[in-house]
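Below is work20.json, holding JSON, C-alpha atoms.
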```json
[["chain", "number", "residue", "atom", "x", "y", "z"],
["A", 1, "ASN", "CA", -1.05, -23.06, 14.32],
["A", 2, "ALA", "CA", -2.41, -26.25, 12.82],
["A", 3, "GLY", "CA", -5.78, -24.73, 12.10],
["A", 4, "VAL", "CA", -9.06, -26.47, 12.79],
["A", 5, "ILE", "CA", -8.45, -30.21, 12.87],
["A", 6, "GLN", "CA", -11.14, -32.67, 11.88],
["A", 7, "THR", "CA", -10.94, -36.41, 12.14],
["A", 8, "PRO", "CA", -11.43, -38.69, 10.39],
["A", 9, "ARG", "CA", -11.03, -37.18, 6.92],
["A", 10, "HIS", "CA", -13.19, -39.89, 5.43],
["A", 11, "LYS", "CA", -15.70, -42.22, 7.03],
["A", 12, "VAL", "CA", -17.84, -44.92, 5.48],
["A", 13, "THR", "CA", -20.68, -46.34, 7.51],
["A", 14, "GLY", "CA", -23.41, -48.82, 6.79],
["A", 15, "LYS", "CA", -26.98, -47.67, 6.85],
["A", 16, "GLY", "CA", -28.26, -47.71, 10.41],
["A", 17, "GLN", "CA", -24.85, -47.46, 12.03],
["A", 18, "GLU", "CA", -23.63, -44.61, 14.19],
["A", 19, "ALA", "CA", -21.02, -42.09, 13.09],
["A", 20, "THR", "CA", -19.01, -39.78, 15.34],
["A", 21, "LEU", "CA", -17.07, -36.91, 13.87],
["A", 22, "TRP", "CA", -14.39, -35.04, 15.81],
["A", 23, "CYS", "CA", -13.25, -31.45, 15.72],
["A", 24, "GLU", "CA", -10.39, -29.68, 17.43],
["A", 25, "PRO", "CA", -10.80, -25.90, 17.15],
["A", 26, "ILE", "CA", -7.95, -23.45, 16.97],
["A", 27, "SER", "CA", -6.47, -22.92, 20.41],
["A", 28, "GLY", "CA", -7.96, -19.86, 22.05],
["A", 29, "HIS", "CA", -11.07, -19.83, 19.90],
["A", 30, "SER", "CA", -14.25, -19.78, 21.90],
["A", 31, "ALA", "CA", -16.78, -20.30, 19.11],
["A", 32, "VAL", "CA", -17.21, -23.59, 17.28],
["A", 33, "PHE", "CA", -19.52, -24.18, 14.36],
["A", 34, "TRP", "CA", -20.66, -27.27, 12.45],
["A", 35, "TYR", "CA", -21.78, -27.08, 8.83],
["A", 36, "ARG", "CA", -22.73, -29.69, 6.28],
["A", 37, "GLN", "CA", -21.91, -29.35, 2.59],
["A", 38, "THR", "CA", -23.59, -31.20, -0.25],
["A", 39, "ILE", "CA", -23.87, -30.43, -3.93],
["A", 40, "VAL", "CA", -27.66, -30.24, -3.73],
["A", 41, "GLN", "CA", -28.09, -28.24, -0.50],
["A", 42, "GLY", "CA", -24.85, -26.29, -0.49],
["A", 43, "LEU", "CA", -23.52, -25.16, 2.88],
["A", 44, "GLU", "CA", -26.00, -25.81, 5.67],
["A", 45, "PHE", "CA", -25.55, -24.53, 9.20],
["A", 46, "LEU", "CA", -26.00, -27.23, 11.82],
["A", 47, "THR", "CA", -25.03, -25.92, 15.24],
["A", 48, "TYR", "CA", -22.88, -23.44, 17.15],
["A", 49, "PHE", "CA", -21.14, -23.39, 20.54],
["A", 50, "ARG", "CA", -19.64, -20.49, 22.40],
["A", 51, "ASN", "CA", -17.44, -21.15, 25.43],
["A", 52, "GLN", "CA", -18.56, -24.79, 25.17],
["A", 53, "ALA", "CA", -22.22, -23.87, 25.65],
["A", 54, "PRO", "CA", -24.69, -24.65, 22.84],
["A", 55, "ILE", "CA", -25.98, -21.38, 21.44],
["A", 56, "ASP", "CA", -27.92, -22.28, 18.33],
["A", 57, "ASP", "CA", -28.77, -25.78, 17.12],
["A", 58, "SER", "CA", -31.58, -24.75, 14.83],
["A", 59, "GLY", "CA", -29.94, -26.41, 11.84],
["A", 60, "MET", "CA", -29.64, -29.82, 13.42],
["A", 61, "PRO", "CA", -31.99, -32.54, 12.26],
["A", 62, "LYS", "CA", -33.89, -33.19, 15.46],
["A", 63, "GLU", "CA", -33.96, -36.90, 15.79],
["A", 64, "ARG", "CA", -30.62, -38.47, 14.96],
["A", 65, "PHE", "CA", -28.07, -35.70, 15.21],
["A", 66, "SER", "CA", -26.39, -34.45, 18.36],
["A", 67, "ALA", "CA", -23.35, -32.34, 19.10],
["A", 68, "GLN", "CA", -21.32, -31.86, 22.22],
["A", 69, "MET", "CA", -18.40, -29.76, 23.33],
["A", 70, "PRO", "CA", -17.14, -31.35, 26.53],
["A", 71, "ASN", "CA", -14.09, -29.12, 26.73],
["A", 72, "GLN", "CA", -12.60, -26.18, 24.91],
["A", 73, "SER", "CA", -10.31, -28.34, 22.82],
["A", 74, "HIS", "CA", -12.78, -30.55, 21.05],
["A", 75, "SER", "CA", -16.30, -30.96, 19.80],
["A", 76, "THR", "CA", -18.10, -34.00, 18.44],
["A", 77, "LEU", "CA", -20.97, -34.45, 16.05],
["A", 78, "LYS", "CA", -22.78, -37.75, 16.42],
["A", 79, "ILE", "CA", -25.21, -39.16, 13.90],
["A", 80, "GLN", "CA", -27.25, -42.14, 15.01],
["A", 81, "SER", "CA", -28.84, -44.63, 12.65],
["A", 82, "THR", "CA", -27.15, -43.07, 9.63],
["A", 83, "GLN", "CA", -29.07, -42.84, 6.38],
["A", 84, "PRO", "CA", -27.80, -42.41, 2.82],
["A", 85, "GLN", "CA", -29.08, -38.83, 2.78],
["A", 86, "ASP", "CA", -26.66, -38.06, 5.62],
["A", 87, "SER", "CA", -23.79, -38.50, 3.16],
["A", 88, "ALA", "CA", -22.01, -35.14, 2.97],
["A", 89, "VAL", "CA", -18.88, -33.28, 3.91],
["A", 90, "TYR", "CA", -19.18, -32.13, 7.51],
["A", 91, "LEU", "CA", -17.23, -28.99, 8.22],
["A", 92, "CYS", "CA", -16.18, -27.71, 11.60],
["A", 93, "ALA", "CA", -15.12, -24.11, 12.05],
["A", 94, "SER", "CA", -13.95, -21.89, 14.87],
["A", 95, "SER", "CA", -13.52, -18.23, 15.64],
["A", 96, "LEU", "CA", -12.47, -15.98, 18.46],
["A", 97, "GLY", "CA", -16.14, -15.60, 19.23],
["A", 98, "GLY", "CA", -16.62, -11.87, 19.08],
["A", 99, "ALA", "CA", -19.18, -10.39, 16.76],
["A", 100, "ASN", "CA", -18.12, -10.23, 13.13],
["A", 101, "THR", "CA", -14.87, -12.11, 13.53],
["A", 102, "GLU", "CA", -13.22, -14.31, 10.95],
["A", 103, "VAL", "CA", -14.29, -17.93, 10.97],
["A", 104, "PHE", "CA", -11.72, -20.58, 10.12],
["A", 105, "PHE", "CA", -12.80, -23.86, 8.60],
["A", 106, "GLY", "CA", -11.34, -27.32, 8.95],
["A", 107, "ARG", "CA", -10.77, -29.62, 5.98],
["A", 108, "GLY", "CA", -13.95, -31.52, 6.73],
["A", 109, "THR", "CA", -14.97, -35.11, 7.19],
["A", 110, "ARG", "CA", -16.48, -36.79, 4.18],
["A", 111, "LEU", "CA", -19.17, -39.15, 5.43],
["A", 112, "THR", "CA", -20.47, -41.79, 3.07],
["A", 113, "VAL", "CA", -23.40, -43.94, 4.17],
["A", 114, "VAL", "CA", -23.76, -47.10, 2.11],
["B", 1, "GLY", "CA", -33.86, -16.09, 8.83],
["B", 2, "GLU", "CA", -31.26, -14.59, 6.56],
["B", 3, "LYS", "CA", -31.14, -15.69, 2.94],
["B", 4, "VAL", "CA", -28.11, -15.00, 0.80],
["B", 5, "GLU", "CA", -28.40, -15.27, -2.95],
["B", 6, "GLN", "CA", -25.40, -15.54, -5.17],
["B", 7, "HIS", "CA", -26.31, -14.48, -8.65],
["B", 8, "GLU", "CA", -23.69, -16.14, -10.79],
["B", 9, "SER", "CA", -23.40, -19.90, -10.52],
["B", 10, "THR", "CA", -20.52, -19.94, -12.98],
["B", 11, "LEU", "CA", -18.22, -17.25, -14.30],
["B", 12, "SER", "CA", -15.56, -17.59, -16.94],
["B", 13, "VAL", "CA", -12.99, -14.88, -17.61],
["B", 14, "ARG", "CA", -9.71, -14.57, -19.45],
["B", 15, "GLU", "CA", -6.51, -14.25, -17.48],
["B", 16, "GLY", "CA", -5.85, -10.61, -16.71],
["B", 17, "ASP", "CA", -9.49, -9.57, -16.92],
["B", 18, "SER", "CA", -11.62, -8.69, -13.90],
["B", 19, "ALA", "CA", -14.23, -10.97, -12.37],
["B", 20, "VAL", "CA", -17.25, -9.74, -10.46],
["B", 21, "ILE", "CA", -19.46, -11.89, -8.24],
["B", 22, "ASN", "CA", -22.70, -10.40, -6.96],
["B", 23, "CYS", "CA", -24.70, -11.33, -3.88],
["B", 24, "THR", "CA", -27.83, -10.08, -2.15],
["B", 25, "TYR", "CA", -29.10, -10.64, 1.37],
["B", 26, "THR", "CA", -32.43, -10.20, 3.11],
["B", 27, "ASP", "CA", -31.81, -9.46, 6.78],
["B", 28, "THR", "CA", -31.17, -5.79, 7.48],
["B", 29, "ALA", "CA", -29.51, -6.84, 10.74],
["B", 30, "SER", "CA", -26.67, -8.51, 8.87],
["B", 31, "SER", "CA", -23.50, -6.56, 9.52],
["B", 32, "TYR", "CA", -20.63, -8.80, 8.49],
["B", 33, "PHE", "CA", -20.02, -10.11, 5.00],
["B", 34, "PRO", "CA", -17.13, -12.55, 4.52],
["B", 35, "TRP", "CA", -16.05, -14.21, 1.30],
["B", 36, "TYR", "CA", -14.58, -17.69, 1.10],
["B", 37, "LYS", "CA", -12.71, -19.55, -1.62],
["B", 38, "GLN", "CA", -12.92, -23.28, -2.06],
["B", 39, "GLU", "CA", -10.51, -25.06, -4.36],
["B", 40, "ALA", "CA", -11.25, -28.52, -5.64],
["B", 41, "GLY", "CA", -11.16, -31.08, -2.86],
["B", 42, "LYS", "CA", -10.31, -28.53, -0.21],
["B", 43, "SER", "CA", -12.13, -26.70, 2.54],
["B", 44, "LEU", "CA", -13.22, -23.10, 2.67],
["B", 45, "HIS", "CA", -10.49, -20.52, 2.88],
["B", 46, "PHE", "CA", -11.26, -16.98, 4.02],
["B", 47, "VAL", "CA", -10.30, -14.37, 1.43],
["B", 48, "ILE", "CA", -11.76, -11.02, 2.47],
["B", 49, "ASP", "CA", -14.58, -9.52, 4.47],
["B", 50, "ILE", "CA", -16.42, -6.24, 4.86],
["B", 51, "ARG", "CA", -18.33, -4.84, 7.80],
["B", 52, "SER", "CA", -21.40, -2.71, 7.52],
["B", 53, "ASN", "CA", -19.69, 0.45, 8.74],
["B", 54, "VAL", "CA", -17.87, 0.80, 5.40],
["B", 55, "ASP", "CA", -18.95, 0.43, 1.78],
["B", 56, "ARG", "CA", -15.64, -0.54, 0.19],
["B", 57, "LYS", "CA", -12.64, -2.60, 1.17],
["B", 58, "GLN", "CA", -9.61, -3.61, -0.85],
["B", 59, "SER", "CA", -6.94, -6.19, -0.25],
["B", 60, "GLN", "CA", -4.43, -6.44, -3.08],
["B", 61, "ARG", "CA", -6.40, -7.63, -6.13],
["B", 62, "LEU", "CA", -9.65, -8.13, -4.20],
["B", 63, "ILE", "CA", -12.25, -5.40, -3.77],
["B", 64, "VAL", "CA", -15.49, -5.82, -1.87],
["B", 65, "LEU", "CA", -18.35, -3.35, -2.29],
["B", 66, "LEU", "CA", -21.35, -3.13, 0.02],
["B", 67, "ASP", "CA", -24.63, -1.34, -0.70],
["B", 68, "LYS", "CA", -26.67, -1.55, 2.48],
["B", 69, "LYS", "CA", -29.70, 0.19, 1.03],
["B", 70, "ALA", "CA", -29.99, -2.34, -1.76],
["B", 71, "LYS", "CA", -28.79, -5.18, 0.51],
["B", 72, "ARG", "CA", -26.25, -6.06, -2.11],
["B", 73, "PHE", "CA", -22.53, -6.78, -2.00],
["B", 74, "SER", "CA", -19.98, -7.87, -4.54],
["B", 75, "LEU", "CA", -16.48, -9.26, -4.92],
["B", 76, "HIS", "CA", -14.24, -7.86, -7.62],
["B", 77, "ILE", "CA", -11.10, -9.77, -8.53],
["B", 78, "THR", "CA", -8.81, -7.66, -10.69],
["B", 79, "ALA", "CA", -6.04, -8.91, -12.97],
["B", 80, "THR", "CA", -7.24, -12.49, -12.61],
["B", 81, "GLN", "CA", -4.77, -15.35, -12.61],
["B", 82, "PRO", "CA", -5.34, -19.06, -13.25],
["B", 83, "GLU", "CA", -4.84, -19.76, -9.54],
["B", 84, "ASP", "CA", -7.92, -17.64, -8.82],
["B", 85, "SER", "CA", -10.00, -20.46, -10.31],
["B", 86, "ALA", "CA", -12.15, -21.89, -7.53],
["B", 87, "ILE", "CA", -15.62, -21.73, -6.05],
["B", 88, "TYR", "CA", -16.28, -18.46, -4.24],
["B", 89, "PHE", "CA", -18.91, -18.22, -1.52],
["B", 90, "CYS", "CA", -20.39, -14.98, -0.26],
["B", 91, "ALA", "CA", -21.89, -14.94, 3.20],
["B", 92, "ALA", "CA", -23.71, -12.74, 5.66],
["B", 93, "SER", "CA", -23.80, -12.73, 9.42],
["B", 94, "THR", "CA", -25.49, -10.81, 12.19],
["B", 95, "SER", "CA", -23.87, -10.15, 15.52],
["B", 96, "ASN", "CA", -24.76, -13.65, 16.73],
["B", 97, "ASN", "CA", -21.95, -15.05, 14.52],
["B", 98, "ARG", "CA", -24.09, -17.51, 12.59],
["B", 99, "ILE", "CA", -23.00, -17.28, 8.95],
["B", 100, "PHE", "CA", -25.40, -17.77, 6.08],
["B", 101, "PHE", "CA", -23.79, -18.76, 2.80],
["B", 102, "GLY", "CA", -24.71, -18.27, -0.82],
["B", 103, "ASP", "CA", -24.68, -21.24, -3.16],
["B", 104, "GLY", "CA", -21.25, -20.48, -4.57],
["B", 105, "THR", "CA", -19.85, -19.23, -7.88],
["B", 106, "GLN", "CA", -17.52, -21.42, -9.90],
["B", 107, "LEU", "CA", -14.90, -19.06, -11.31],
["B", 108, "VAL", "CA", -12.81, -20.27, -14.22],
["B", 109, "VAL", "CA", -9.87, -18.17, -15.31],
["B", 110, "LYS", "CA", -8.71, -19.19, -18.77],
["B", 111, "PRO", "CA", -5.04, -18.67, -19.65]]
```
As structure tokens, the full file:
Amino acid sequence: NAGVIQTPRHKVTGKGQEATLWCEPISGHSAVFWYRQTIVQGLEFLTYFRNQAPIDDSGMPKERFSAQMPNQSHSTLKIQSTQPQDSAVYLCASSLGGANTEVFFGRGTRLTVV
Amino acid sequence: GEKVEQHESTLSVREGDSAVINCTYTDTASSYFPWYKQEAGKSLHFVIDIRSNVDRKQSQRLIVLLDKKAKRFSLHITATQPEDSAIYFCAASTSNNRIFFGDGTQLVVKP
């Protein structure tokens, strides 16, 4: 079990460019979460899929952020027209999907917008 | 929505002593309370959890207490070791699986 796999580990983009972050959840896990971690804001929930369907995207900034889960083995988080304030560690997590089940986190992608 | 407050931003203890991290939550519907550990430069690692049908859970040197009336829960680390040094996050979740995190407690265990 390789755990939740996130690629790339680090990404540097220029202001205004697009960034796509990838996540491979643990095999057999039906729930996938995206969080963002910064020193100032801490851990912020972004969005959540269950069985590939979007369940809750209330944490997603409305205009430039989007997330998809085209199949059960990967999810993507896309940020268009990146801004310096998007710089953060983006964490993907997965769980079996039942209520109150353990959530496993990936190592994150550190996004730096210059 | 749920709001989780973690009372200690930093905590320093001597090796062998106990460390206690306290958290409160606001949503009475929260029923699952996991704790995560984050070492420098690494991601979150699950350490222990408690569900609302019990008020105490122990796993080796870790004890979690839950007071549903006060909407308060705590992590007790007994016989601390230097490798316990990390940031600890408390969290709360309702049955919809969305987890709300506290701001983290930096625990330093001094030899």
Protein/DNA/RNA residues near (-25.3, -21.6, -1.5), cut 7 Å, all atoms listed in the file, as a PyMOL selection string: (chain A and resi 42-43) or (chain B and resi 101-104)
Write a file of the just-selected residues containing C-alpha atoms, as a PDB file, in the coordinates of the input.
```pdb
ATOM      1  CA  GLY A  42     -24.850 -26.290  -0.490  1.00  0.00           C
ATOM      2  CA  LEU A  43     -23.520 -25.160   2.880  1.00  0.00           C
TER       3      LEU A  43
ATOM      4  CA  PHE B 101     -23.790 -18.760   2.800  1.00  0.00           C
ATOM      5  CA  GLY B 102     -24.710 -18.270  -0.820  1.00  0.00           C
ATOM      6  CA  ASP B 103     -24.680 -21.240  -3.160  1.00  0.00           C
ATOM      7  CA  GLY B 104     -21.250 -20.480  -4.570  1.00  0.00           C
TER       8      GLY B 104
END
```
Counting all atoms listed in the file, which residues in chain B sit no more than 9 Å from chain A? For each one, give the nearest pair of atoms and the distance in Å, sorted by chain then residue number, as JSON lines.
```
{"residue": "B:Ser31", "atom": "CA", "partner": "A:Asn100", "partner_atom": "CA", "distance": 7.4}
{"residue": "B:Tyr32", "atom": "CA", "partner": "A:Asn100", "partner_atom": "CA", "distance": 5.5}
{"residue": "B:Phe33", "atom": "CA", "partner": "A:Asn100", "partner_atom": "CA", "distance": 8.3}
{"residue": "B:Pro34", "atom": "CA", "partner": "A:Glu102", "partner_atom": "CA", "distance": 7.7}
{"residue": "B:Gly41", "atom": "CA", "partner": "A:Arg107", "partner_atom": "CA", "distance": 9.0}
{"residue": "B:Lys42", "atom": "CA", "partner": "A:Arg107", "partner_atom": "CA", "distance": 6.3}
{"residue": "B:Ser43", "atom": "CA", "partner": "A:Arg107", "partner_atom": "CA", "distance": 4.7}
{"residue": "B:Leu44", "atom": "CA", "partner": "A:Phe105", "partner_atom": "CA", "distance": 6.0}
{"residue": "B:His45", "atom": "CA", "partner": "A:Phe105", "partner_atom": "CA", "distance": 7.0}
{"residue": "B:Phe46", "atom": "CA", "partner": "A:Phe104", "partner_atom": "CA", "distance": 7.1}
{"residue": "B:Asp49", "atom": "CA", "partner": "A:Glu102", "partner_atom": "CA", "distance": 8.2}
{"residue": "B:Arg51", "atom": "CA", "partner": "A:Asn100", "partner_atom": "CA", "distance": 7.6}
{"residue": "B:Ser93", "atom": "CA", "partner": "A:Asn100", "partner_atom": "CA", "distance": 7.2}
{"residue": "B:Thr94", "atom": "CA", "partner": "A:Asn100", "partner_atom": "CA", "distance": 7.5}
{"residue": "B:Ser95", "atom": "CA", "partner": "A:Ala99", "partner_atom": "CA", "distance": 4.9}
{"residue": "B:Asn96", "atom": "CA", "partner": "A:Ala99", "partner_atom": "CA", "distance": 6.5}
{"residue": "B:Asn97", "atom": "CA", "partner": "A:Ala99", "partner_atom": "CA", "distance": 5.9}
{"residue": "B:Arg98", "atom": "CA", "partner": "A:Tyr48", "partner_atom": "CA", "distance": 7.6}
{"residue": "B:Ile99", "atom": "CA", "partner": "A:Phe45", "partner_atom": "CA", "distance": 7.7}
{"residue": "B:Phe100", "atom": "CA", "partner": "A:Phe45", "partner_atom": "CA", "distance": 7.4}
{"residue": "B:Phe101", "atom": "CA", "partner": "A:Leu43", "partner_atom": "CA", "distance": 6.4}
{"residue": "B:Gly102", "atom": "CA", "partner": "A:Leu43", "partner_atom": "CA", "distance": 7.9}
{"residue": "B:Asp103", "atom": "CA", "partner": "A:Gly42", "partner_atom": "CA", "distance": 5.7}
{"residue": "B:Gly104", "atom": "CA", "partner": "A:Gly42", "partner_atom": "CA", "distance": 8.0}
```
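Comparing A:Thr13, A:Gln68, A:Gln6, A:Ser58 by their smallest distance to Ser87 of chain A, the closest is A:Thr13 (using all atoms listed in the file).
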Gap from atom CA of Cys23 of chain B to atom CA of Gln81 of chain B - Å, one decimal: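 Computing it gives 22.1 Å between the two atoms.
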Polymer residues at most 10 Å from segment 110-112 of chain A, all atoms listed in the file, same-chain spacing of 5 or more positions, as a PyMOL selection string: chain A and resi 7-15+19-21+36-37+82-91
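One distance worth recording is that between atom CA of Thr10 of chain B and atom CA of Gln60 of chain B, which is 23.2 Å.
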Sel. within 7 Å of pt (-22.7, -7.5, -7.7), counting all atoms listed in the file, output as a list in words: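 Within the cut-off we find Val20, Ile21, Asn22, Cys23, Arg72, Phe73 and Ser74 of chain B.
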Distance in Å - atom CA of Tyr25 of chain B versus atom CA of Glu5 of chain B: 6.4 Å
Among the residues A:Phe65, A:Leu96, A:Val114, A:His74, the one that comes closest to Gly16 of chain A [using all atoms listed in the file]: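 Smallest distance to Gly16 of chain A is found for A:Val114.
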Minimum-distance residue to Ile5 of chain A, chosen among A:Gln17, A:Ser81, A:Ser66, A:Thr76 (using all atoms listed in the file): A:Thr76
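You can rank B:Ala40, B:Leu65, B:Ile50, B:Ala70 by their closest distance to Glu83 of chain B using only C-alpha atoms, and at the top of that list sits B:Ala40.
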Contact residues around Ala79 of chain B with all atoms listed in the file at 9 Å, ignoring same-chain residues under 6 positions, as a list in words: Glu15, Gly16, Asp17, Ser18, Ala19 and Arg61 of chain B
From B:Asn53, B:Leu75, B:Ala92, B:Ile87, residue lying nearest Gly1 of chain B [all atoms listed in the file]: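 For Gly1 of chain B, the nearest of the given residues is B:Ala92.
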Box along x, y and z, 5 Å on every side, all listed atoms of segment 1-18 of chain A inside: centre and edge lengths in Å to one decimal, as JSON.
```
{"center_x": -14.7, "center_y": -35.9, "center_z": 9.9, "size_x": 37.2, "size_y": 35.8, "size_z": 18.9}
```
